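Worksheet for the structure shown next.
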Amino acid sequence: MDRGAVGEQVIMKTKEQTPSSERQAAKRIDELRRLLLEHDYKYYVLDQPEITDYQYDQLFQELKGLEEAHPEYLTTDSPTQRVGGVPLSQFDKAPHRSPMLSLQNSYSPEDILAFDERVRKFLKFNGDVEYLCEPKLDGLAIELIYENGELIQALTRGDGEVGEVVTSNIRTLRSVPLKIKGSHWPPRLEVRGEVLMLKEDFRQLNEQQQESGATTFANPRNAAAGTIRQLDPKVVAQRPLRMFCYSPGTREGLEFESQMKFMEQLKSWGFSTVGHLSRQVSNAQEAVAYYHELEGLRHSLPFEIDGMVLKVNSWKLQEALGNIARSPRWANAAKFKPEQALTRIKDIVVQVGRTGALTPVAIMEPVQVGGVKVTHATLHNEQEIQRKDVRVGDWVLVHRAGDVIPEIIEVVLDRRPKDSQVFQMPYSCPACGSASVQVEGEVIRRCVNPLCPAMSKESLKHFASRRAMNIDKLGDKIIEALFEAKLVQRFSDLYKLKVEDLLSLERQGPKSAQNIISSIAKSQNPKLDRFIYALGIRFVGDQTARSLARHFAALDPLMSATQEELEKIEDIGPKVAQSITQAFGQKELVEEIHRLLELGVKPQSPPSTKKEGGMPLQGLSFVVTGTLPMGREEVHELIASLGGKTSSSVSRKTSYLLAGESAGSKLEKAQELKIKILNWEDFQNLLKGA
Ligand code: IVH
């Protein structure tokens with residue numbers, strides 16, 4: 001999660017300034033709560049974050065500290081009180097005041113026109129009907145109930161009449177307001193929407209699940225649904241769920257001209273919506289055009305959508321249309337063509353991951369799914385493969401989940417070959433032959449041989465990967481070839497490679513060999529967090545690596561940190577702390593790190609904010625332009641983390657223009673206004689001096 005550029009409203013206070021008197025504490029608590037809620041709103045509803053995650057955390061921690069010191073000021077709507085309550089043994093049930101209906105589906109643009117025909121016929125109306133077109137979100141429906149502006153209950157859809165009470169879980173979602181913003185709301189407000197997981201968050205969660213030996217999820221929808229069913233709200237709080245709202249429950253006390261107006265109101269009440277992806281159209285033809293537009297956008301959206309929902313815009317007409325059976329007559333779901341395909345399983349192989357996890361993978365006849373050729377699908381683990389009973393020779397329906405991972409939906413049993421055999425997970429590691437183990441409580445079987453070649457190869461791939469050392473020209477295939485040829489066995493070997501070594505590989509031309517060597521050389525100054533992540537310590541994903549880098553700011557103190565010290569860091573529990581101390585307790589890893597450093601790898605410490613007296617760029621505002629050695633976003637983040645502000649246009653208020661190569665009009669404007677201009681080196685010096 002990245003909160004992007006810095007904003008005006010960050011108020012940072014250091015320990016020394018912490019108010020001591022009761023009155024001041026109460027005032028600061030109130031101020032912090034308002035700030036945090038406002039930043040949640042900017043992030044989740046307006047999609048215009050103004051502070052970094054780090055700054056948010058600091059405000060949050062300050063509030064938590066003050067509330068602990070002054071428990072008398074604690075209120076249930078405080079942002080710190082999202083995670084509360086004890087794990088449940090089961091969910092209670094509660095009725096919906098107004099039933100949660102479903103939508104009639106249609107599968108083609110012609111169906112949209114037919115739906116419009118039915119609407120006009122029912123209304124005995126010949127003219128055009130106005131619609132609001134919204135994306136059909138692929139998550140699970142939830143109803144939020146507010147009384148006197150406060151969230152008092154959240155229900156799942158259940159059977160439409162009675163849902164499960166999932167209030168404690170839903171409270172942990174920061175996109176769900178605990179209190180409605182503003183003042184003009186009915187005494188009881190019911191708002192419905194979809195809870196989902198962003199594709200990127202899903203990918204990261206699955207990676208973490210894999211690291212810890214837990215089950216991975218087949219798709220973002222399952223991950224969201226599985227999370228909401230968790231009985232412990234603390235688990236839910238750690239999973240990145242979002243909620244987007246799109247309809248009222250009971251309409252008592254609500255008077256709106258149109259769905260569009262209602263959506264606008266939801267947004268100003270503080271609910272997150274997909275208003276930016278919705279469009280008001282004046283007739284069904286325009287709706288069809290938007291359906292095609294949305295389908296084109298589908299893959300570039302941060303979450304999964306499976307169609308467009310078409311709603312008669314006028315609430316008056318909606319009322320006139322009413323319901324038919326269990327669906328409203330005024331709405332229709334125009335589904336996109338399912339991105340599924342039929343193919344045959346040629347083989348099931350077992351792959352050994354970096355952490356030794358054995359994962360069954362189906363090798364399929366190549367097939368196009370949603371415009372991409374698919375040949376492999378993960379079968380996750382033994383349990384999953386048994387549940388789906390996938391066998392070699394089976395015909396299966398495949399789908400791409402989260403737009404990346406191919407998933408086997410089901411086996412077409414009618415077409416199963418007569419002699420097919422149930423798949424048996426091997427008990428020994430397919431790469432090194434040593435016995436695998438399954439730790440109690442984990443679903444994953446692992447190879448625990450530290451010398452297993454498959455694990456070494458995978459660790460190398462991880463080391464070079466984009467979010468680790470980012471050696472972009474060093475693909476998986478080349479790593480494998482280098483490993484097999486014994487040219488590279490461990491990370492440090494990469495930095496000893498020469499063009500000649502690469503040329504000794506089959507089908508390796510001089511130009512690409514040179515590119516690979518340059519790309520390795522370019523990776524020598526990674527950010528500290530990327531370096532920590534690249535080491536591939538179990539349970540240390542990129543988030544944890546970032547916390548570690550931020551906390552220790554250098555390798556040495558991290559390597560000598562004790563279990564207790566590590567556990568004091570936010571987000572690091574005993575399991576992770578133990579894994580870190582264990583890793584750095586290994587002579588092999590420590591020696592390998594020293595070899596890397598000797599070969600010129602130099603992890604870059606994050607800019608320190610604590611040691612040098614808080615926020616060195618506090619009060620300064622920057623405009624960044626032109627091409628710089630670091631991405632624009634990263635520079636913004638860096639400035640923000642040091643307390644500076646960034647803006648996209650030069651004005652008299654700008655303190656500095658940071659200009660890279662090919663800077664254009666902003667440079668001219670800055671010269672005109674006599675704003676100080678920094679090149680990259682000046683900027684570095686400013687940071688050092690700061
Ligand atoms: S309006 C009468 N709007 O689709 C139902 N639903 O098949 C009114 N959904 O249960 C729901 N995106 O879970 C509505 N923009 C959207 C939606 C949406 C997804 C889901 C929702 C609902 C299901 C109906």
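Going through the structure tokens in order, the chains are called A, B, and so on, while each chain numbers its residues from 1 and the ligands are numbered from 1 in the order shown.
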
**OP:** For Phe256 of chain A, please output as an NGL selection string all residues within 7 Å (counting only C-alpha atoms; exclusion window: fewer than 3 positions along the same chain).
**Re:** :A and (261-262 or 315)

Could the residues in this selection be written to a file with N, CA and C atoms, as an mmCIF file, in the first residue's frame?
data_model
loop_
_atom_site.group_PDB
_atom_site.id
_atom_site.type_symbol
_atom_site.label_atom_id
_atom_site.label_comp_id
_atom_site.auth_asym_id
_atom_site.auth_seq_id
_atom_site.Cartn_x
_atom_site.Cartn_y
_atom_site.Cartn_z
ATOM 1 N N LYS A 261 -27.261 10.341 -7.853
ATOM 2 C CA LYS A 261 -27.255 11.286 -6.729
ATOM 3 C C LYS A 261 -26.965 10.540 -5.426
ATOM 4 N N PHE A 262 -27.539 9.335 -5.314
ATOM 5 C CA PHE A 262 -27.311 8.529 -4.117
ATOM 6 C C PHE A 262 -25.829 8.177 -3.990
ATOM 7 N N TRP A 315 -34.937 7.026 -9.179
ATOM 8 C CA TRP A 315 -35.487 6.231 -8.075
ATOM 9 C C TRP A 315 -37.000 6.077 -8.202
#

**OP:** If you run DSSP over the backbone, which residues in segment 377-470 of chain A end up helix (DSSP H, G or I)? Put them as number ranges by chain.
**Re:** A: 382-388, 413-415, 453-464

Okay, now the selection with C-alpha atoms, as a PDB file, in the first residue's frame?
ATOM      1  CA  GLU A 382      -2.253 -32.189  -1.448  1.00  0.00           C
ATOM      2  CA  GLN A 383      -5.602 -31.307   0.113  1.00  0.00           C
ATOM      3  CA  GLU A 384      -6.626 -29.187  -2.831  1.00  0.00           C
ATOM      4  CA  ILE A 385      -5.697 -31.793  -5.402  1.00  0.00           C
ATOM      5  CA  GLN A 386      -7.680 -34.397  -3.475  1.00  0.00           C
ATOM      6  CA  ARG A 387     -10.658 -32.095  -3.160  1.00  0.00           C
ATOM      7  CA  LYS A 388     -10.799 -31.446  -6.894  1.00  0.00           C
ATOM      8  CA  LEU A 413     -15.950 -35.943 -15.282  1.00  0.00           C
ATOM      9  CA  ASP A 414     -17.846 -37.159 -18.370  1.00  0.00           C
ATOM     10  CA  ARG A 415     -14.637 -37.010 -20.322  1.00  0.00           C
ATOM     11  CA  PRO A 453      19.504 -28.052  -5.551  1.00  0.00           C
ATOM     12  CA  ALA A 454      15.929 -27.054  -6.333  1.00  0.00           C
ATOM     13  CA  MET A 455      15.809 -24.812  -3.284  1.00  0.00           C
ATOM     14  CA  SER A 456      19.132 -23.189  -4.218  1.00  0.00           C
ATOM     15  CA  LYS A 457      17.942 -22.562  -7.754  1.00  0.00           C
ATOM     16  CA  GLU A 458      14.669 -21.040  -6.552  1.00  0.00           C
ATOM     17  CA  SER A 459      16.516 -18.891  -4.012  1.00  0.00           C
ATOM     18  CA  LEU A 460      18.661 -17.527  -6.823  1.00  0.00           C
ATOM     19  CA  LYS A 461      15.563 -16.722  -8.878  1.00  0.00           C
ATOM     20  CA  HIS A 462      14.069 -14.953  -5.890  1.00  0.00           C
ATOM     21  CA  PHE A 463      17.303 -13.033  -5.267  1.00  0.00           C
ATOM     22  CA  ALA A 464      17.339 -11.717  -8.844  1.00  0.00           C
TER      23      ALA A 464
END

**OP:** Write out as a list in words each polymer residue whose atoms come within 6 Å of segment 563-578 of chain A, counting only C-alpha atoms; drop sequence neighbours fewer than 3 positions from it.
**Re:**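 Listed by chain and then number, they are Phe539, Thr581 and Gln582 of chain A.
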
Original post:
Can I get the residues close to ligand 1 as a ChimeraX atom specification, where close means within 10 Å and we count only C-alpha atoms and all ligand atoms?
Top reply: /A:99-105,132-142,156-157,160,192-195,244-249,273-275,277-278,305-311,323,326-333

**OP:** Name all residues at most 10 Å from Pro338 of chain A (count only C-alpha atoms; drop same-chain ones fewer than 3 positions away) and give them as a list in words.
**Re:** Tyr107, Asp306, Gly307, Lys335, Ala341, Val369, Gly370, His399 and Arg400 of chain A

Write to file, as a PDB file, in the first residue's frame, the residues of the selection just made, with N, CA and C atoms.
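Writing done, so here's selection21.pdb:
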ATOM      1  N   TYR A 107     -25.830 -12.016 -20.912  1.00  0.00           N
ATOM      2  CA  TYR A 107     -24.490 -12.387 -21.338  1.00  0.00           C
ATOM      3  C   TYR A 107     -24.055 -11.776 -22.652  1.00  0.00           C
ATOM      4  N   ASP A 306     -16.652  -8.688 -13.168  1.00  0.00           N
ATOM      5  CA  ASP A 306     -17.070  -9.730 -14.094  1.00  0.00           C
ATOM      6  C   ASP A 306     -18.221  -9.286 -14.984  1.00  0.00           C
ATOM      7  N   GLY A 307     -18.474  -7.987 -15.002  1.00  0.00           N
ATOM      8  CA  GLY A 307     -19.517  -7.492 -15.886  1.00  0.00           C
ATOM      9  C   GLY A 307     -19.869  -6.061 -15.551  1.00  0.00           C
ATOM     10  N   LYS A 335     -23.034  -9.619 -17.898  1.00  0.00           N
ATOM     11  CA  LYS A 335     -21.755 -10.293 -17.600  1.00  0.00           C
ATOM     12  C   LYS A 335     -20.828 -10.243 -18.812  1.00  0.00           C
ATOM     13  N   ALA A 341     -11.523 -21.698 -20.316  1.00  0.00           N
ATOM     14  CA  ALA A 341     -11.286 -22.525 -21.494  1.00  0.00           C
ATOM     15  C   ALA A 341     -11.160 -23.969 -21.062  1.00  0.00           C
ATOM     16  N   VAL A 369      -6.639 -18.265 -22.633  1.00  0.00           N
ATOM     17  CA  VAL A 369      -7.654 -17.837 -21.669  1.00  0.00           C
ATOM     18  C   VAL A 369      -7.553 -16.315 -21.543  1.00  0.00           C
ATOM     19  N   GLY A 370      -8.618 -15.638 -21.907  1.00  0.00           N
ATOM     20  CA  GLY A 370      -8.622 -14.180 -21.837  1.00  0.00           C
ATOM     21  C   GLY A 370      -7.436 -13.573 -22.570  1.00  0.00           C
ATOM     22  N   HIS A 399      -9.332 -21.111 -15.691  1.00  0.00           N
ATOM     23  CA  HIS A 399      -9.714 -19.706 -15.577  1.00  0.00           C
ATOM     24  C   HIS A 399      -8.481 -18.966 -15.094  1.00  0.00           C
ATOM     25  N   ARG A 400      -8.362 -17.678 -15.427  1.00  0.00           N
ATOM     26  CA  ARG A 400      -7.226 -16.929 -14.874  1.00  0.00           C
ATOM     27  C   ARG A 400      -7.681 -16.099 -13.699  1.00  0.00           C
TER      28      ARG A 400
END

Subject >> Between atom CA of Asp40 of chain A and atom CA of Tyr56 of chain A - distance in Å to one decimal >> reply: 9.3 Å

Subject >> Which of A:Met364, A:Ala401, A:Leu189, A:Cys432 sits closest to Pro450 of chain A [using only C-alpha atoms] >> reply: A:Cys432

Filtered DSSP result for segment 86-246 of chain A, state strand (DSSP E), as an mmCIF file with N, CA, C and O atoms, in the first residue's frame:
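Output file states-v4.cif follows:
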data_model
loop_
_atom_site.group_PDB
_atom_site.id
_atom_site.type_symbol
_atom_site.label_atom_id
_atom_site.label_comp_id
_atom_site.auth_asym_id
_atom_site.auth_seq_id
_atom_site.Cartn_x
_atom_site.Cartn_y
_atom_site.Cartn_z
ATOM 1 N N LYS A 93 -26.734 -14.908 13.709
ATOM 2 C CA LYS A 93 -27.498 -14.583 12.499
ATOM 3 C C LYS A 93 -28.445 -13.426 12.799
ATOM 4 O O LYS A 93 -28.880 -13.254 13.946
ATOM 5 N N ALA A 94 -28.752 -12.646 11.796
ATOM 6 C CA ALA A 94 -29.721 -11.555 11.971
ATOM 7 C C ALA A 94 -30.439 -11.312 10.645
ATOM 8 O O ALA A 94 -29.845 -11.462 9.580
ATOM 9 N N PRO A 95 -31.725 -10.927 10.742
ATOM 10 C CA PRO A 95 -32.495 -10.714 9.506
ATOM 11 C C PRO A 95 -32.149 -9.377 8.838
ATOM 12 O O PRO A 95 -31.769 -8.430 9.511
ATOM 13 N N ASN A 105 -29.105 -11.920 -14.782
ATOM 14 C CA ASN A 105 -27.897 -11.812 -15.596
ATOM 15 C C ASN A 105 -28.215 -11.804 -17.073
ATOM 16 O O ASN A 105 -29.179 -12.417 -17.513
ATOM 17 N N SER A 106 -27.363 -11.124 -17.812
ATOM 18 C CA SER A 106 -27.416 -11.295 -19.256
ATOM 19 C C SER A 106 -25.983 -11.430 -19.740
ATOM 20 O O SER A 106 -25.047 -11.038 -19.052
ATOM 21 N N TYR A 131 -29.887 5.359 -17.619
ATOM 22 C CA TYR A 131 -29.329 4.310 -16.750
ATOM 23 C C TYR A 131 -28.049 4.774 -16.079
ATOM 24 O O TYR A 131 -27.353 5.638 -16.603
ATOM 25 N N LEU A 132 -27.740 4.158 -14.944
ATOM 26 C CA LEU A 132 -26.398 4.319 -14.392
ATOM 27 C C LEU A 132 -25.695 2.978 -14.595
ATOM 28 O O LEU A 132 -26.210 1.932 -14.188
ATOM 29 N N CYS A 133 -24.544 3.011 -15.267
ATOM 30 C CA CYS A 133 -23.780 1.794 -15.521
ATOM 31 C C CYS A 133 -22.656 1.719 -14.509
ATOM 32 O O CYS A 133 -21.877 2.663 -14.375
ATOM 33 N N GLU A 134 -22.579 0.608 -13.783
ATOM 34 C CA GLU A 134 -21.526 0.445 -12.780
ATOM 35 C C GLU A 134 -20.761 -0.841 -13.064
ATOM 36 O O GLU A 134 -21.317 -1.765 -13.649
ATOM 37 N N PRO A 135 -19.516 -0.915 -12.620
ATOM 38 C CA PRO A 135 -18.818 -2.191 -12.782
ATOM 39 C C PRO A 135 -19.452 -3.237 -11.873
ATOM 40 O O PRO A 135 -19.921 -2.899 -10.783
ATOM 41 N N LYS A 136 -19.500 -4.481 -12.303
ATOM 42 C CA LYS A 136 -19.983 -5.544 -11.423
ATOM 43 C C LYS A 136 -18.777 -6.112 -10.704
ATOM 44 O O LYS A 136 -17.912 -6.760 -11.299
ATOM 45 N N LEU A 137 -18.699 -5.818 -9.424
ATOM 46 C CA LEU A 137 -17.519 -6.187 -8.633
ATOM 47 C C LEU A 137 -17.594 -7.651 -8.249
ATOM 48 O O LEU A 137 -18.668 -8.153 -7.887
ATOM 49 N N LEU A 140 -17.870 -10.217 -2.267
ATOM 50 C CA LEU A 140 -19.077 -10.719 -1.622
ATOM 51 C C LEU A 140 -19.852 -9.557 -1.034
ATOM 52 O O LEU A 140 -19.262 -8.581 -0.566
ATOM 53 N N ALA A 141 -21.180 -9.676 -1.115
ATOM 54 C CA ALA A 141 -22.037 -8.568 -0.717
ATOM 55 C C ALA A 141 -22.145 -8.490 0.802
ATOM 56 O O ALA A 141 -22.268 -9.510 1.482
ATOM 57 N N ILE A 142 -22.087 -7.258 1.307
ATOM 58 C CA ILE A 142 -22.185 -7.018 2.752
ATOM 59 C C ILE A 142 -23.139 -5.850 2.966
ATOM 60 O O ILE A 142 -23.175 -4.920 2.177
ATOM 61 N N GLU A 143 -23.897 -5.922 4.053
ATOM 62 C CA GLU A 143 -24.761 -4.798 4.418
ATOM 63 C C GLU A 143 -24.227 -4.136 5.685
ATOM 64 O O GLU A 143 -23.936 -4.825 6.673
ATOM 65 N N LEU A 144 -24.094 -2.819 5.638
ATOM 66 C CA LEU A 144 -23.632 -2.065 6.809
ATOM 67 C C LEU A 144 -24.831 -1.352 7.408
ATOM 68 O O LEU A 144 -25.617 -0.751 6.674
ATOM 69 N N ILE A 145 -24.960 -1.405 8.735
ATOM 70 C CA ILE A 145 -26.093 -0.726 9.359
ATOM 71 C C ILE A 145 -25.580 0.337 10.336
ATOM 72 O O ILE A 145 -24.767 0.038 11.220
ATOM 73 N N TYR A 146 -26.038 1.566 10.134
ATOM 74 C CA TYR A 146 -25.627 2.688 10.980
ATOM 75 C C TYR A 146 -26.821 3.187 11.763
ATOM 76 O O TYR A 146 -27.906 3.346 11.193
ATOM 77 N N GLU A 147 -26.627 3.394 13.052
ATOM 78 C CA GLU A 147 -27.673 4.061 13.824
ATOM 79 C C GLU A 147 -27.084 5.301 14.449
ATOM 80 O O GLU A 147 -25.987 5.249 15.021
ATOM 81 N N GLU A 150 -23.518 5.868 13.634
ATOM 82 C CA GLU A 150 -22.451 4.936 14.000
ATOM 83 C C GLU A 150 -22.692 3.536 13.474
ATOM 84 O O GLU A 150 -23.822 3.042 13.521
ATOM 85 N N LEU A 151 -21.624 2.917 13.027
ATOM 86 C CA LEU A 151 -21.750 1.557 12.512
ATOM 87 C C LEU A 151 -22.103 0.625 13.666
ATOM 88 O O LEU A 151 -21.359 0.513 14.635
ATOM 89 N N ILE A 152 -23.268 -0.024 13.582
ATOM 90 C CA ILE A 152 -23.644 -0.899 14.687
ATOM 91 C C ILE A 152 -23.664 -2.372 14.280
ATOM 92 O O ILE A 152 -23.583 -3.255 15.109
ATOM 93 N N GLN A 153 -23.784 -2.627 12.976
ATOM 94 C CA GLN A 153 -23.832 -4.025 12.563
ATOM 95 C C GLN A 153 -23.443 -4.177 11.091
ATOM 96 O O GLN A 153 -23.681 -3.275 10.290
ATOM 97 N N ALA A 154 -22.811 -5.320 10.796
ATOM 98 C CA ALA A 154 -22.528 -5.653 9.403
ATOM 99 C C ALA A 154 -22.974 -7.088 9.175
ATOM 100 O O ALA A 154 -22.710 -7.965 9.996
ATOM 101 N N LEU A 155 -23.690 -7.300 8.070
ATOM 102 C CA LEU A 155 -24.247 -8.627 7.789
ATOM 103 C C LEU A 155 -23.810 -9.131 6.419
ATOM 104 O O LEU A 155 -23.684 -8.348 5.477
ATOM 105 N N THR A 156 -23.621 -10.441 6.335
ATOM 106 C CA THR A 156 -23.398 -11.027 5.007
ATOM 107 C C THR A 156 -24.766 -11.175 4.335
ATOM 108 O O THR A 156 -25.803 -10.995 4.981
ATOM 109 N N VAL A 162 -31.825 -13.666 5.840
ATOM 110 C CA VAL A 162 -31.096 -13.661 7.109
ATOM 111 C C VAL A 162 -29.609 -13.784 6.781
ATOM 112 O O VAL A 162 -29.206 -14.639 5.989
ATOM 113 N N GLY A 163 -28.809 -12.912 7.384
ATOM 114 C CA GLY A 163 -27.364 -12.961 7.117
ATOM 115 C C GLY A 163 -26.577 -13.254 8.377
ATOM 116 O O GLY A 163 -27.139 -13.319 9.472
ATOM 117 N N GLU A 164 -25.283 -13.426 8.228
ATOM 118 C CA GLU A 164 -24.432 -13.649 9.390
ATOM 119 C C GLU A 164 -23.876 -12.319 9.877
ATOM 120 O O GLU A 164 -23.547 -11.442 9.082
ATOM 121 N N ARG A 188 -31.329 5.893 10.885
ATOM 122 C CA ARG A 188 -30.838 4.547 10.592
ATOM 123 C C ARG A 188 -30.508 4.506 9.106
ATOM 124 O O ARG A 188 -31.331 4.884 8.266
ATOM 125 N N LEU A 189 -29.283 4.106 8.817
ATOM 126 C CA LEU A 189 -28.884 4.035 7.411
ATOM 127 C C LEU A 189 -28.339 2.653 7.113
ATOM 128 O O LEU A 189 -27.504 2.131 7.860
ATOM 129 N N GLU A 190 -28.838 2.038 6.063
ATOM 130 C CA GLU A 190 -28.301 0.749 5.622
ATOM 131 C C GLU A 190 -27.628 0.940 4.267
ATOM 132 O O GLU A 190 -28.239 1.470 3.340
ATOM 133 N N VAL A 191 -26.392 0.519 4.194
ATOM 134 C CA VAL A 191 -25.637 0.671 2.951
ATOM 135 C C VAL A 191 -25.081 -0.684 2.552
ATOM 136 O O VAL A 191 -24.527 -1.402 3.381
ATOM 137 N N ARG A 192 -25.227 -1.028 1.280
ATOM 138 C CA ARG A 192 -24.719 -2.318 0.812
ATOM 139 C C ARG A 192 -23.578 -2.124 -0.174
ATOM 140 O O ARG A 192 -23.517 -1.123 -0.869
ATOM 141 N N GLY A 193 -22.735 -3.096 -0.216
ATOM 142 C CA GLY A 193 -21.614 -3.003 -1.144
ATOM 143 C C GLY A 193 -20.876 -4.316 -1.207
ATOM 144 O O GLY A 193 -21.317 -5.327 -0.660
ATOM 145 N N GLU A 194 -19.751 -4.278 -1.870
ATOM 146 C CA GLU A 194 -18.995 -5.490 -2.131
ATOM 147 C C GLU A 194 -17.670 -5.437 -1.381
ATOM 148 O O GLU A 194 -16.962 -4.430 -1.439
ATOM 149 N N VAL A 195 -17.345 -6.515 -0.684
ATOM 150 C CA VAL A 195 -16.039 -6.611 -0.043
ATOM 151 C C VAL A 195 -15.146 -7.435 -0.960
ATOM 152 O O VAL A 195 -15.543 -8.494 -1.438
ATOM 153 N N LEU A 196 -13.966 -6.926 -1.235
ATOM 154 C CA LEU A 196 -13.079 -7.635 -2.167
ATOM 155 C C LEU A 196 -11.616 -7.412 -1.810
ATOM 156 O O LEU A 196 -11.297 -6.663 -0.896
ATOM 157 N N MET A 197 -10.756 -8.062 -2.537
ATOM 158 C CA MET A 197 -9.326 -7.883 -2.336
ATOM 159 C C MET A 197 -8.737 -7.398 -3.662
ATOM 160 O O MET A 197 -9.086 -7.951 -4.718
ATOM 161 N N LEU A 241 -8.522 -6.228 2.976
ATOM 162 C CA LEU A 241 -9.832 -6.190 2.314
ATOM 163 C C LEU A 241 -10.289 -4.756 2.067
ATOM 164 O O LEU A 241 -9.943 -3.857 2.818
ATOM 165 N N ARG A 242 -11.088 -4.579 1.033
ATOM 166 C CA ARG A 242 -11.665 -3.274 0.727
ATOM 167 C C ARG A 242 -13.164 -3.426 0.593
ATOM 168 O O ARG A 242 -13.641 -4.494 0.219
ATOM 169 N N MET A 243 -13.885 -2.348 0.847
ATOM 170 C CA MET A 243 -15.320 -2.399 0.565
ATOM 171 C C MET A 243 -15.715 -1.219 -0.312
ATOM 172 O O MET A 243 -15.327 -0.090 -0.042
ATOM 173 N N PHE A 244 -16.478 -1.507 -1.367
ATOM 174 C CA PHE A 244 -17.003 -0.470 -2.244
ATOM 175 C C PHE A 244 -18.528 -0.543 -2.175
ATOM 176 O O PHE A 244 -19.106 -1.615 -2.365
ATOM 177 N N CYS A 245 -19.162 0.590 -1.887
ATOM 178 C CA CYS A 245 -20.609 0.565 -1.673
ATOM 179 C C CYS A 245 -21.361 1.003 -2.915
ATOM 180 O O CYS A 245 -20.877 1.821 -3.692
ATOM 181 N N TYR A 246 -22.558 0.424 -3.106
ATOM 182 C CA TYR A 246 -23.315 0.736 -4.315
ATOM 183 C C TYR A 246 -24.828 0.778 -4.167
ATOM 184 O O TYR A 246 -25.531 1.066 -5.119
#

List the spatial neighbours of Thr378 of chain A as a PDB file with N, CA, C and O atoms, in the first residue's frame - criterion: any atom at most 7 Å away, only C-alpha atoms, same-chain residues fewer than 2 positions off excluded.
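And here's around.pdb as it stands now:
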ATOM      1  N   PRO A 360       2.165 -29.220  -6.159  1.00  0.00           N
ATOM      2  CA  PRO A 360       1.778 -29.915  -7.389  1.00  0.00           C
ATOM      3  C   PRO A 360       1.325 -28.918  -8.447  1.00  0.00           C
ATOM      4  O   PRO A 360       0.595 -27.980  -8.141  1.00  0.00           O
ATOM      5  N   VAL A 361       1.789 -29.108  -9.658  1.00  0.00           N
ATOM      6  CA  VAL A 361       1.449 -28.202 -10.749  1.00  0.00           C
ATOM      7  C   VAL A 361       0.950 -29.029 -11.937  1.00  0.00           C
ATOM      8  O   VAL A 361       1.558 -30.035 -12.291  1.00  0.00           O
ATOM      9  N   ALA A 362      -0.159 -28.593 -12.528  1.00  0.00           N
ATOM     10  CA  ALA A 362      -0.687 -29.308 -13.692  1.00  0.00           C
ATOM     11  C   ALA A 362      -0.058 -28.741 -14.955  1.00  0.00           C
ATOM     12  O   ALA A 362      -0.008 -27.530 -15.129  1.00  0.00           O
ATOM     13  N   HIS A 376       0.331 -23.915 -17.541  1.00  0.00           N
ATOM     14  CA  HIS A 376       0.500 -24.471 -16.199  1.00  0.00           C
ATOM     15  C   HIS A 376      -0.593 -23.950 -15.283  1.00  0.00           C
ATOM     16  O   HIS A 376      -1.038 -22.824 -15.450  1.00  0.00           O
ATOM     17  N   HIS A 380      -1.966 -26.051  -5.826  1.00  0.00           N
ATOM     18  CA  HIS A 380      -1.787 -25.595  -4.447  1.00  0.00           C
ATOM     19  C   HIS A 380      -1.130 -26.607  -3.513  1.00  0.00           C
ATOM     20  O   HIS A 380      -0.017 -26.418  -3.075  1.00  0.00           O
ATOM     21  N   GLU A 407      -6.147 -21.043 -12.881  1.00  0.00           N
ATOM     22  CA  GLU A 407      -6.779 -21.849 -11.844  1.00  0.00           C
ATOM     23  C   GLU A 407      -7.632 -22.920 -12.514  1.00  0.00           C
ATOM     24  O   GLU A 407      -8.304 -22.644 -13.517  1.00  0.00           O
TER      25      GLU A 407
END

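Each of A:Leu36, A:Gln340, A:Asp53, A:Leu46 was checked against Glu637 of chain A using only C-alpha atoms; the smallest atom-to-atom distance is that of A:Asp53.
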
Within 8 Å of segment 83-91 of chain A, which residues of segment 122-178 of chain A come that close, and what is the closest atom pair and distance in Å for each? Count only C-alpha atoms and give it as a Markdown table.
| residue | atom | partner | partner_atom | distance |
| --- | --- | --- | --- | --- |
| A:Glu164 | CA | A:Phe91 | CA | 5.9 |
| A:Val165 | CA | A:Phe91 | CA | 5.9 |
| A:Val166 | CA | A:Phe91 | CA | 6.9 |
| A:Ser168 | CA | A:Gly84 | CA | 6.8 |
| A:Asn169 | CA | A:Val83 | CA | 7.9 |
| A:Arg171 | CA | A:Val83 | CA | 7.0 |
| A:Thr172 | CA | A:Val83 | CA | 5.5 |

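The spacing separating atom CA of Thr625 of chain A from atom CA of Leu642 of chain A amounts to 18.8 Å.
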
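Checking A:Arg344, A:Gly475, A:Asp57, A:Val374 one by one against Glu410 of chain A, counting only C-alpha atoms, you find the shortest gap at A:Arg344.
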
Subject >> Å distance separating atom CA of His70 of chain A from atom CA of Leu35 of chain A, one decimal place >> reply: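 Taking atom CA of His70 of chain A and atom CA of Leu35 of chain A, their separation equals 18.8 Å.
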